[in-house]
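Structure, as structure tokens:
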Amino acid sequence: MTRRVPIALAAVALATVPAALAAAPAQRIVPVAFVGSTQLTTVEAPLVLEDTGTVKGSPVGSGDIVLDYTLRPKRSIANVAWTITNGSGTVTGTATAYYTTSNVAITFTGAGRITGGTGRYAGIRSLPLQFNAKHSKTGKKEAISFRGTATLPR
């Protein structure tokens with residue numbers, strides 16, 4: 001009788017595996033490696049800046065990007081919200097970066113996440129991404145990059 005109990009429990013456990021797999025959405029891992037060129041377009045307040053520009057790379061191909069930076073000078077931290085838009089949909093995310101300033105540039109180094117998307121990118125999410133940006137003090141020439149991995153529903 002003691003042999004039947006473990007076998008019966010194993011049978012019940014195996015029967016529930018297909019149901020659990022069916023309930024979990026299938027996802028695929030995609031690389032995130034995009035770079036962009038932006039410029040300062042709006043200063044909403046002394047510590048709130050908006051950049052616009054273009055990006056290219058995985059998983060978006062190419063698109064337009066808007067980044068909103070909220071600077072926290074006492075801690076040298078910037079909170080960033082961003083959106084990439086192209087003909088296939090949008091990808092949105094956030095980042096938190098430390099920044100340093102020199103006579104000619106502001107350099108941001110931190111981590112970000114993809115928090116959502118629409119269209120072809122619906123359901124996209126990421127683990128922490130490496131986020132880097134370098135801004136000229138004039139606001140006319142800025143470079144950004146994101147690197148890491150994300151998941152998309154199949």
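Order determines the names: the first chain of the structure tokens is A, the second B, and so forth; residues in each chain are numbered 1 upward, and ligands are numbered 1 upward as they are shown.
Residues in contact with region 143-150 of chain A at up to 8 Å, not including ones fewer than 4 positions away on its chain and judged by only C-alpha atoms, are Ile29, Val30, Pro31, Val32, Ala33, Phe34, Val35, Gly36, Ser37, Thr38, Gly112, Ile114, Ile124, Arg125, Ser126, Leu127, Pro128, Leu129, Gln130, Phe131, Asn132, Ala133, Lys134 and His135 of chain A.
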Next on the checklist: If you run DSSP on the backbone here, which positions in region 48-91 of chain A get strand (DSSP E or B)? Please write them as a ChimeraX atom specification.
Outcome noted: /A:48-58,61-72,77-86,89-91
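Interatomic distance, CA of Ala78 (chain A) to CA of Thr54 (chain A): 20.6 Å.
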Next on the checklist: Need the shell around Ile106 (chain A): protein/DNA/RNA residues with any atom at most 8 Å away, counting only C-alpha atoms. Skip same-chain ones fewer than 5 positions apart. Format as a list in words?
Outcome noted: Tyr99, Thr100, Thr101, Lys134, His135, Ser136 and Lys137 of chain A
Could you please take those selected residues and save N, CA, C and O atoms as an mmCIF file, in the first residue's frame?
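Output file out_14.cif follows:
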```
data_model
loop_
_atom_site.group_PDB
_atom_site.id
_atom_site.type_symbol
_atom_site.label_atom_id
_atom_site.label_comp_id
_atom_site.auth_asym_id
_atom_site.auth_seq_id
_atom_site.Cartn_x
_atom_site.Cartn_y
_atom_site.Cartn_z
ATOM 1 N N TYR A 99 24.578 61.006 -12.415
ATOM 2 C CA TYR A 99 25.164 61.858 -13.448
ATOM 3 C C TYR A 99 26.309 62.672 -12.887
ATOM 4 O O TYR A 99 26.373 62.977 -11.700
ATOM 5 N N THR A 100 27.225 62.965 -13.799
ATOM 6 C CA THR A 100 28.363 63.820 -13.483
ATOM 7 C C THR A 100 28.395 64.926 -14.525
ATOM 8 O O THR A 100 27.914 64.747 -15.651
ATOM 9 N N THR A 101 28.952 66.067 -14.143
ATOM 10 C CA THR A 101 29.032 67.184 -15.074
ATOM 11 C C THR A 101 30.484 67.613 -15.229
ATOM 12 O O THR A 101 31.308 67.457 -14.328
ATOM 13 N N LYS A 134 25.076 60.723 -22.866
ATOM 14 C CA LYS A 134 26.051 61.806 -22.760
ATOM 15 C C LYS A 134 25.446 63.015 -23.449
ATOM 16 O O LYS A 134 25.069 62.959 -24.604
ATOM 17 N N HIS A 135 25.347 64.112 -22.701
ATOM 18 C CA HIS A 135 24.737 65.343 -23.180
ATOM 19 C C HIS A 135 25.786 66.431 -23.272
ATOM 20 O O HIS A 135 26.550 66.634 -22.332
ATOM 21 N N SER A 136 25.753 67.148 -24.368
ATOM 22 C CA SER A 136 26.579 68.354 -24.428
ATOM 23 C C SER A 136 25.887 69.422 -23.586
ATOM 24 O O SER A 136 24.673 69.400 -23.415
ATOM 25 N N LYS A 137 26.633 70.333 -23.055
ATOM 26 C CA LYS A 137 26.031 71.402 -22.239
ATOM 27 C C LYS A 137 25.138 72.314 -23.088
ATOM 28 O O LYS A 137 24.253 72.964 -22.565
#
```
Item to check | region 84-95 of chain A environment, 6 Å, only C-alpha atoms, sequence neighbours closer than 6 positions dropped, as a PyMOL selection string | outcome: chain A and resi 63-65+111-120
Residue set, chain A restricted to helix (DSSP H, G or I), as a CSV table (one decimal) with N, CA and C atoms, in the first residue's frame:
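Once everything was written out, this is out-v8.csv:
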```
chain,number,residue,atom,x,y,z
A,4,ARG,N,1.7,2.5,-3.5
A,4,ARG,CA,0.6,3.1,-4.3
A,4,ARG,C,0.5,4.6,-4.1
A,5,VAL,N,0.7,5.1,-2.8
A,5,VAL,CA,0.5,6.5,-2.5
A,5,VAL,C,1.5,7.3,-3.3
A,6,PRO,N,2.8,7.1,-3.3
A,6,PRO,CA,3.7,7.9,-4.1
A,6,PRO,C,3.4,7.9,-5.6
A,7,ILE,N,3.0,6.7,-6.1
A,7,ILE,CA,2.7,6.6,-7.5
A,7,ILE,C,1.4,7.4,-7.8
A,8,ALA,N,0.5,7.4,-7.0
A,8,ALA,CA,-0.8,8.1,-7.2
A,8,ALA,C,-0.5,9.6,-7.1
A,9,LEU,N,0.3,10.1,-6.1
A,9,LEU,CA,0.7,11.5,-6.1
A,9,LEU,C,1.5,11.9,-7.3
A,10,ALA,N,2.4,11.1,-7.8
A,10,ALA,CA,3.1,11.4,-9.0
A,10,ALA,C,2.2,11.6,-10.2
A,11,ALA,N,1.2,10.7,-10.3
A,11,ALA,CA,0.3,10.8,-11.4
A,11,ALA,C,-0.5,12.1,-11.3
A,12,VAL,N,-1.0,12.5,-10.2
A,12,VAL,CA,-1.7,13.7,-10.0
A,12,VAL,C,-0.8,14.9,-10.4
A,13,ALA,N,0.4,14.9,-9.9
A,13,ALA,CA,1.4,16.0,-10.2
A,13,ALA,C,1.6,16.1,-11.7
A,14,LEU,N,1.8,15.0,-12.4
A,14,LEU,CA,2.1,15.0,-13.8
A,14,LEU,C,0.8,15.5,-14.6
A,15,ALA,N,-0.3,15.2,-14.1
A,15,ALA,CA,-1.6,15.6,-14.8
A,15,ALA,C,-1.7,17.1,-14.7
A,16,THR,N,-1.2,17.7,-13.7
A,16,THR,CA,-1.4,19.2,-13.6
A,16,THR,C,-0.3,20.0,-14.3
A,17,VAL,N,0.8,19.4,-14.8
A,17,VAL,CA,1.9,20.1,-15.5
A,17,VAL,C,1.3,20.7,-16.8
A,18,PRO,N,0.6,19.9,-17.7
A,18,PRO,CA,0.2,20.6,-18.9
A,18,PRO,C,-0.8,21.8,-18.6
A,19,ALA,N,-1.6,21.7,-17.6
A,19,ALA,CA,-2.5,22.8,-17.3
A,19,ALA,C,-1.7,24.0,-16.9
A,20,ALA,N,-0.6,23.8,-16.1
A,20,ALA,CA,0.2,24.9,-15.6
A,20,ALA,C,0.9,25.5,-16.8
A,21,LEU,N,1.4,24.7,-17.7
A,21,LEU,CA,2.1,25.3,-18.9
A,21,LEU,C,1.2,26.0,-19.8
A,22,ALA,N,0.0,25.5,-19.9
A,22,ALA,CA,-1.0,26.2,-20.7
A,22,ALA,C,-1.4,27.6,-20.1
A,23,ALA,N,-1.4,27.7,-18.8
A,23,ALA,CA,-1.8,28.9,-18.1
A,23,ALA,C,-0.7,30.0,-18.3
A,119,GLY,N,1.1,47.5,-29.9
A,119,GLY,CA,1.3,46.9,-31.2
A,119,GLY,C,2.2,45.7,-31.1
A,120,ARG,N,3.1,45.6,-32.0
A,120,ARG,CA,4.1,44.5,-32.1
A,120,ARG,C,4.8,44.3,-30.8
A,121,TYR,N,4.9,45.3,-30.0
A,121,TYR,CA,5.7,45.2,-28.7
A,121,TYR,C,4.8,45.0,-27.5
```
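CA of Ala97 (chain A) is positioned 6.7 Å from CA of Asn79 (chain A).
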